[in-house]
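Novice: Supplied in structure tokens, the structure appears directly below.
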Amino acid sequence: MAERDEEQILDEIAQAEAGDEAPMAENVPDPEEEMEALRAERDAFQDKFMRALADAENARKRAQKDRTEAENYGGSKLARDMLPVFDNMKRAVESVTDEQRDVAGPLIEGIELTMRELLNVFQKHGIRMIDPQVGDRFDPQQHEAMFEAPVPGTKQGEIIQVSAQGFMLHDRILRPAKVGVSSNPG
């Protein structure tokens with residue numbers, strides 16, 4: 001059996017010398033080409049990694065922004081719904097006469113305390129009042145003009161009446177202040 005193996009080996013060598021088989025060197029890839037292919041593959045993986053890292057960072061920032069907005073503005077609908085409660089309490093206190101205050105002083109004081117507590121809760125949650133005064137300049141970012149009227153002694157764009165205070169939730173308007181504005185020219 002050993003002779004056959006030797007014979008086969010000798011035949012293969014003879015055939016190789018005769019050129020019947022392709023030389024073995026052609027089956028081996030060029031080392032430079034192989035290195036270049038590996039570099040290209042490495043660069044492609046590095047690019048994919050950097051993109052995935054950037055996507056993850058963007059998702060983290062977006063989630064943080066969404067979380068902050070939810071914390072700051074998530075209760076805006078409830079806050080907006082509570083504004084008429086404040087308005088009604090304020091109207092109730094403003095409509096009280098001296099005679100009524102003498103008769104029902106503790107009740108009125110309780111309403112005033114409740115109104116102040118409501119304002120404290122608003123402030124605790126980032127809600128602040130926009131309280132324009134007569135004579136202030138009209139600011140369309142914070143005020144809503146309910147009417148215009150030519151009032152002597154005023155300049156155009158001055159507030160001449162405040163119908164209702166406005167409110168902001170952090171940096172967003174919950175409700176603009178409702179005002180009357182002078183239309184006097186010049």
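Identifiers for the structure tokens are assigned positionally: chains receive A, B, ... in sequence, residues are indexed from 1 per chain, and ligands are indexed from 1 in the order shown.
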Report the residues of chain A whose backbone DSSP state falls under helix (DSSP H, G or I), written as number ranges by chain.

Specialist: A: 2-18, 24-27, 31-73, 76-94, 98-103, 105-124

Novice: Could you give me, as an MDAnalysis selection string, each residue of region 108-185 of chain A that DSSP assigns to strand (DSSP E) when run on this structure's backbone?

Specialist: chainID A and resid 127:130 143:149 159:164 166:169 172:175 177:182

Novice: Kindly give the distance, in Å, that separates CA of Ser163 (chain A) and CA of Met146 (chain A), rounded to a single decimal.

Specialist: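 So the answer is 8.3 Å.
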
Novice: Between CA of Pro176 (chain A) and CA of Leu113 (chain A), what is the distance, to one decimal in Å?

Specialist: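 For CA of Pro176 (chain A) relative to CA of Leu113 (chain A), the distance reads 24.7 Å.
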
Novice: May I ask for the distance between CA of Leu119 (chain A) and CA of Val179 (chain A), given in Å to one decimal place?

Specialist: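 Distance between the two atoms: 20.9 Å.
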
Novice: In terms of the shortest atom-to-atom distance over only C-alpha atoms, which of A:Ile108, A:Val181, A:Leu83, A:Leu118 is closest to Ser95 (chain A)?

Specialist: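 Selected residue with least distance to Ser95 (chain A): A:Ile108.
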
Novice: May I have the residues within 12 Å of Gly135 (chain A) as a compact mmCIF listing (two decimals) with C-alpha atoms, in the first residue's frame, using only C-alpha atoms and disregarding those fewer than 4 positions away in the same chain?

Specialist:
```txt
# COMPACT_ATOMS: atom_id res chain seq x y z
CA VAL A 151 -59.58 107.30 25.40
CA GLY A 153 -55.02 111.23 27.63
CA THR A 154 -53.72 107.86 26.40
CA LYS A 155 -51.42 106.82 23.60
CA GLN A 156 -52.22 104.26 20.95
CA GLY A 157 -51.36 100.75 22.16
CA GLU A 158 -51.69 101.51 25.88
CA ILE A 159 -53.79 99.23 28.03
CA ILE A 160 -56.90 101.08 29.20
CA GLN A 161 -58.70 98.21 30.96
CA VAL A 162 -57.81 94.75 32.26
CA VAL A 179 -57.29 93.80 27.95
CA GLY A 180 -58.80 96.84 26.33
CA VAL A 181 -56.41 98.95 24.27
CA SER A 182 -56.36 102.63 23.41
```
